[in-house]
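Here is the structure we will look at.
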Amino acid sequence: LLQNDNISFAFAPTTKTRTTALYKYHSSQTIPVPAVAAVPSEDDTNNNDDDNAWQTALQQRLSSIHKKKSETRTRWLTADFEQTLYGTPDWVRRVSVQWPLAVCGTSSGDIYVIQCESGAILGKGRSRQDQRRYADVSPSSSRGLELETTLRQLFGEFDGGGTLSIGLSWTNYIAHAGRNGGVEFWTIDTDRFDDDDDNDDDDDEPYDLISQGTLLDDVLVTCLDWAKDDLWIGTQDGRVLVYTIDDDDDELPSKPVQEFKNIGGAVLSIKFNEELDVAAATTSSGLVELLTIQEPDRRRSFNPPFDSGRMSSNAFPLCAIIVEEEQDGQEELEPLTASSSSSNKRKFSLACGGNDGSVFLRSLQLLDDGTIDPELDLECPFPTDSAVRALVPGHQGPCKCLESPFPGMLLSGGQDGTVRVWEFNADTDDDETANGAYILGGFKVWLGSFCTDGERLVMDGADNAISILDFG
């Protein structure tokens, strides 16, 4: 179901469905592009000509990339996409993507690797034991009570069992957090695929993934996120640990490169932002914590205004992400020079979604409003002259996941079976609210994760299938 104000229509989640919105969103805003400084020639006129030709070719290439991004952004805002569903042998509970590969954690705790362009299942990682809801522990044990409390915080009334969190790194290293504790690591046996390329007798059974061992065996891991070779891990006992995983090493590291203790309550989500080099962690105590390896002692907290009119509240943030804001007034593609970039001040915000369905934006303050290498002001990350923005209408169930395909655009997924697309820019800092562009509906209450590379949105929430929305 697509909704915008009083306009709505339904679409069927069938394979290869092209969906176009019934309304048009008019905007002259475009996507900022990187600045390119001219390199002076050191030789004769011929070299100058070659250098000018190189710059012209680079300008044309960047202009082409910019145009494609602008067209893709327009398709996002007008809900113009092609949908594909790929089935899996088990109910999908979490998904992580490094296009064209997706790794799925299922209700039994098994892992499947899917080729997103063909739908082929390339590999399977088998769980150490069945992880369907409460199947792996005795409810009367202390571990069972601990698990039950955390699961209720994570899933509310709709716990589909199995995987708690899963991540696929840029080197195709898989990290999986299940209900039996710890983080399992797997890799794909790419040599087997190469050897069997010409084999016409292959059966349909996926290859077994290669187990690389387990970290934190006796710890209930609730969330994780890859940042290049660093894996950020959140735990039920209120810690965030960062491990550097080298796929060339035969053994997993014995110690983390950084450990943040006493976060406060269970860590419910962790999301790293590479632009600012900062991770956002949500906790069951109601706070969003900003963490950085460079200055681990300078933690800063945001307390979202859940139920601000009440004396007390049981609401807390389930997910958070740092997003870049769209800058207003960039109607034309500016010349790609170092001097022209100075006027394009980049701004970032912290977005968080709560178990009550609300979504908030909080502006972040940078040390220098630079365009090339922004840095968060850890001393005072939240400017005092900007209000917290509530994105309305919120979800009718807990908000489970957030992503940003473009600056100034936010996606939120909730247990009400909807994905909401929001648009905002830096000039709305003083507004208390921001409105959504449209709503995608028809998903199940098990919707718990999605990933985007700017062109595509890959998600769970479709029972034993992953759903791919292609806006490219």
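In the structure tokens, each chain is lettered A, B, ... as it comes, each chain's residues begin at 1, and ligands are numbered from 1 in order of appearance.
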
| request: Just list the residues in stretch 220-282 of chain A DSSP gives strand (DSSP E) on the backbone, as a PyMOL selection string. | output: chain A and resi 221-227+230-235+240-244+258-260+267-273+278-282

Hey, can you spit out that residue selection with N, CA and C atoms as a short mmCIF file (atom, residue, chain, number, x, y, z; two decimals), in the first residue's frame?
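File written: result.cif
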data_model
loop_
_atom_site.label_atom_id
_atom_site.label_comp_id
_atom_site.auth_asym_id
_atom_site.auth_seq_id
_atom_site.Cartn_x
_atom_site.Cartn_y
_atom_site.Cartn_z
N VAL A 221 24.70 -11.52 22.53
CA VAL A 221 24.93 -10.41 21.62
C VAL A 221 23.61 -10.02 20.98
N THR A 222 23.26 -8.75 21.07
CA THR A 222 21.97 -8.28 20.59
C THR A 222 22.02 -7.57 19.24
N CYS A 223 23.19 -7.03 18.88
CA CYS A 223 23.29 -6.26 17.63
C CYS A 223 24.74 -6.18 17.20
N LEU A 224 24.95 -5.93 15.91
CA LEU A 224 26.31 -5.76 15.38
C LEU A 224 26.26 -4.98 14.08
N ASP A 225 27.41 -4.37 13.74
CA ASP A 225 27.50 -3.59 12.50
C ASP A 225 28.96 -3.55 12.06
N TRP A 226 29.18 -3.79 10.77
CA TRP A 226 30.52 -3.72 10.20
C TRP A 226 30.89 -2.29 9.85
N ALA A 227 32.13 -1.91 10.11
CA ALA A 227 32.72 -0.65 9.66
C ALA A 227 34.06 -1.00 9.03
N ASP A 230 36.35 -3.42 10.95
CA ASP A 230 35.98 -3.38 12.36
C ASP A 230 34.53 -3.83 12.54
N LEU A 231 34.31 -4.70 13.51
CA LEU A 231 32.97 -5.16 13.83
C LEU A 231 32.55 -4.58 15.17
N TRP A 232 31.49 -3.77 15.15
CA TRP A 232 30.93 -3.20 16.37
C TRP A 232 29.86 -4.14 16.91
N ILE A 233 29.95 -4.47 18.19
CA ILE A 233 29.08 -5.48 18.80
C ILE A 233 28.42 -4.88 20.04
N GLY A 234 27.10 -5.00 20.13
CA GLY A 234 26.36 -4.59 21.31
C GLY A 234 25.86 -5.81 22.06
N THR A 235 25.84 -5.74 23.40
CA THR A 235 25.50 -6.89 24.21
C THR A 235 24.34 -6.59 25.16
N VAL A 240 29.56 -2.24 24.53
CA VAL A 240 29.83 -2.18 23.10
C VAL A 240 31.29 -2.51 22.90
N LEU A 241 31.57 -3.52 22.09
CA LEU A 241 32.93 -3.96 21.83
C LEU A 241 33.24 -3.82 20.35
N VAL A 242 34.48 -3.47 20.05
CA VAL A 242 34.92 -3.32 18.66
C VAL A 242 36.09 -4.27 18.41
N TYR A 243 35.91 -5.17 17.47
CA TYR A 243 36.96 -6.12 17.08
C TYR A 243 37.41 -5.83 15.64
N THR A 244 38.70 -5.86 15.41
CA THR A 244 39.23 -5.78 14.06
C THR A 244 39.40 -7.21 13.53
N GLN A 258 38.63 -1.94 21.30
CA GLN A 258 38.01 -0.97 22.18
C GLN A 258 36.78 -1.60 22.84
N GLU A 259 36.54 -1.25 24.10
CA GLU A 259 35.37 -1.72 24.81
C GLU A 259 34.74 -0.57 25.57
N PHE A 260 33.46 -0.33 25.32
CA PHE A 260 32.71 0.68 26.04
C PHE A 260 31.83 -0.03 27.06
N VAL A 267 22.04 -3.06 25.08
CA VAL A 267 22.28 -2.34 23.83
C VAL A 267 21.38 -2.98 22.77
N LEU A 268 20.46 -2.21 22.21
CA LEU A 268 19.44 -2.76 21.32
C LEU A 268 19.80 -2.61 19.85
N SER A 269 20.65 -1.64 19.51
CA SER A 269 21.09 -1.48 18.12
C SER A 269 22.41 -0.72 18.12
N ILE A 270 23.18 -0.92 17.05
CA ILE A 270 24.44 -0.20 16.86
C ILE A 270 24.59 0.09 15.38
N LYS A 271 24.93 1.33 15.04
CA LYS A 271 25.09 1.72 13.63
C LYS A 271 26.24 2.70 13.53
N PHE A 272 27.22 2.35 12.69
CA PHE A 272 28.43 3.17 12.54
C PHE A 272 28.29 4.08 11.32
N ASN A 273 28.70 5.34 11.48
CA ASN A 273 28.72 6.30 10.37
C ASN A 273 30.16 6.57 9.97
N VAL A 278 31.71 7.84 13.83
CA VAL A 278 30.99 7.77 15.09
C VAL A 278 29.91 6.70 14.99
N ALA A 279 29.72 5.95 16.07
CA ALA A 279 28.65 4.95 16.13
C ALA A 279 27.52 5.46 17.02
N ALA A 280 26.29 5.13 16.63
CA ALA A 280 25.11 5.45 17.43
C ALA A 280 24.55 4.16 18.00
N ALA A 281 24.44 4.09 19.32
CA ALA A 281 23.93 2.89 19.99
C ALA A 281 22.68 3.25 20.78
N THR A 282 21.62 2.45 20.63
CA THR A 282 20.41 2.65 21.41
C THR A 282 20.38 1.68 22.58
#

| Shell of 8 Å around A:Arg456, only C-alpha atoms, local chain residues under 3 positions omitted, as an NGL selection string | :A and (452-453 or 468-472)

Write the residues you've just listed into a file as an mmCIF file, in the first residue's frame, and include all heavy atoms for each of them.
data_model
loop_
_atom_site.group_PDB
_atom_site.id
_atom_site.type_symbol
_atom_site.label_atom_id
_atom_site.label_comp_id
_atom_site.auth_asym_id
_atom_site.auth_seq_id
_atom_site.Cartn_x
_atom_site.Cartn_y
_atom_site.Cartn_z
ATOM 1 N N THR A 452 20.271 -0.487 2.095
ATOM 2 C CA THR A 452 20.215 0.221 0.827
ATOM 3 C C THR A 452 21.613 0.641 0.396
ATOM 4 O O THR A 452 22.461 0.959 1.236
ATOM 5 C CB THR A 452 19.311 1.461 0.910
ATOM 6 O OG1 THR A 452 19.286 2.129 -0.353
ATOM 7 C CG2 THR A 452 19.800 2.430 1.969
ATOM 8 N N ASP A 453 21.841 0.622 -0.911
ATOM 9 C CA ASP A 453 23.081 1.138 -1.482
ATOM 10 C C ASP A 453 22.822 2.420 -2.270
ATOM 11 O O ASP A 453 23.669 2.865 -3.028
ATOM 12 C CB ASP A 453 23.744 0.089 -2.379
ATOM 13 C CG ASP A 453 22.876 -0.294 -3.578
ATOM 14 O OD1 ASP A 453 21.715 0.173 -3.657
ATOM 15 O OD2 ASP A 453 23.337 -1.078 -4.431
ATOM 16 N N ILE A 468 13.305 -7.053 -2.851
ATOM 17 C CA ILE A 468 14.240 -6.101 -3.413
ATOM 18 C C ILE A 468 13.461 -5.062 -4.188
ATOM 19 O O ILE A 468 12.751 -5.385 -5.151
ATOM 20 C CB ILE A 468 15.272 -6.776 -4.335
ATOM 21 C CG1 ILE A 468 16.038 -7.877 -3.575
ATOM 22 C CG2 ILE A 468 16.239 -5.756 -4.915
ATOM 23 C CD1 ILE A 468 16.973 -8.686 -4.447
ATOM 24 N N LEU A 469 13.575 -3.788 -3.797
ATOM 25 C CA LEU A 469 12.979 -2.674 -4.516
ATOM 26 C C LEU A 469 14.093 -1.943 -5.236
ATOM 27 O O LEU A 469 15.010 -1.404 -4.590
ATOM 28 C CB LEU A 469 12.238 -1.732 -3.563
ATOM 29 C CG LEU A 469 11.211 -2.363 -2.614
ATOM 30 C CD1 LEU A 469 10.478 -1.250 -1.850
ATOM 31 C CD2 LEU A 469 10.242 -3.243 -3.356
ATOM 32 N N ASP A 470 14.030 -1.907 -6.556
ATOM 33 C CA ASP A 470 15.086 -1.315 -7.380
ATOM 34 C C ASP A 470 14.615 0.039 -7.911
ATOM 35 O O ASP A 470 13.679 0.123 -8.694
ATOM 36 C CB ASP A 470 15.421 -2.252 -8.540
ATOM 37 C CG ASP A 470 16.683 -1.812 -9.291
ATOM 38 O OD1 ASP A 470 17.111 -0.658 -9.106
ATOM 39 O OD2 ASP A 470 17.233 -2.630 -10.051
ATOM 40 N N PHE A 471 15.279 1.118 -7.473
ATOM 41 C CA PHE A 471 14.934 2.480 -7.898
ATOM 42 C C PHE A 471 15.890 2.983 -8.970
ATOM 43 O O PHE A 471 15.760 4.136 -9.402
ATOM 44 C CB PHE A 471 14.985 3.428 -6.696
ATOM 45 C CG PHE A 471 13.922 3.143 -5.653
ATOM 46 C CD1 PHE A 471 14.149 2.186 -4.676
ATOM 47 C CD2 PHE A 471 12.736 3.841 -5.649
ATOM 48 C CE1 PHE A 471 13.184 1.926 -3.699
ATOM 49 C CE2 PHE A 471 11.772 3.584 -4.680
ATOM 50 C CZ PHE A 471 12.003 2.623 -3.711
ATOM 51 N N GLY A 472 16.856 2.156 -9.381
ATOM 52 C CA GLY A 472 17.868 2.591 -10.334
ATOM 53 C C GLY A 472 17.376 2.576 -11.772
ATOM 54 O O GLY A 472 16.296 2.136 -12.085
#

| field | Shell of 7 Å around stretch 102-105 of chain A, only C-alpha atoms, local chain residues under 6 positions omitted, as a PyMOL selection string | value | chain A and resi 92-96+111-116+163+166+168

| message | For stretch 398-405 of chain A, find every residue with an atom within 8 Å (counting only C-alpha atoms), except residues of its own chain fewer than 6 positions away, and show them as number ranges by chain. | response | A: 156, 318-321, 323, 351-359, 411-416, 447-455

| query | Do you have the atom CA of A:Asp307-atom CA of A:Thr283 distance handy? | reply |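 Going from atom CA of A:Asp307 over to atom CA of A:Thr283 covers 17.0 Å.
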
| query | Between A:Leu164, A:Ala315, A:Ala462, A:Leu457, which is the closest to A:Glu82 once you count only C-alpha atoms? | reply | A:Leu457

| query | atom CA of A:Asp217 and atom CA of A:Lys261 are how many Å apart? | reply |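 Rounded to one decimal, the two atoms are 18.0 Å apart.
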
| request: For each of A:Ile245, A:Ile322, A:Leu77, A:Leu367, take the minimum atom-to-atom distance to A:Trp186, counting only C-alpha atoms, then give the residue where this is smallest. | output: A:Ile245
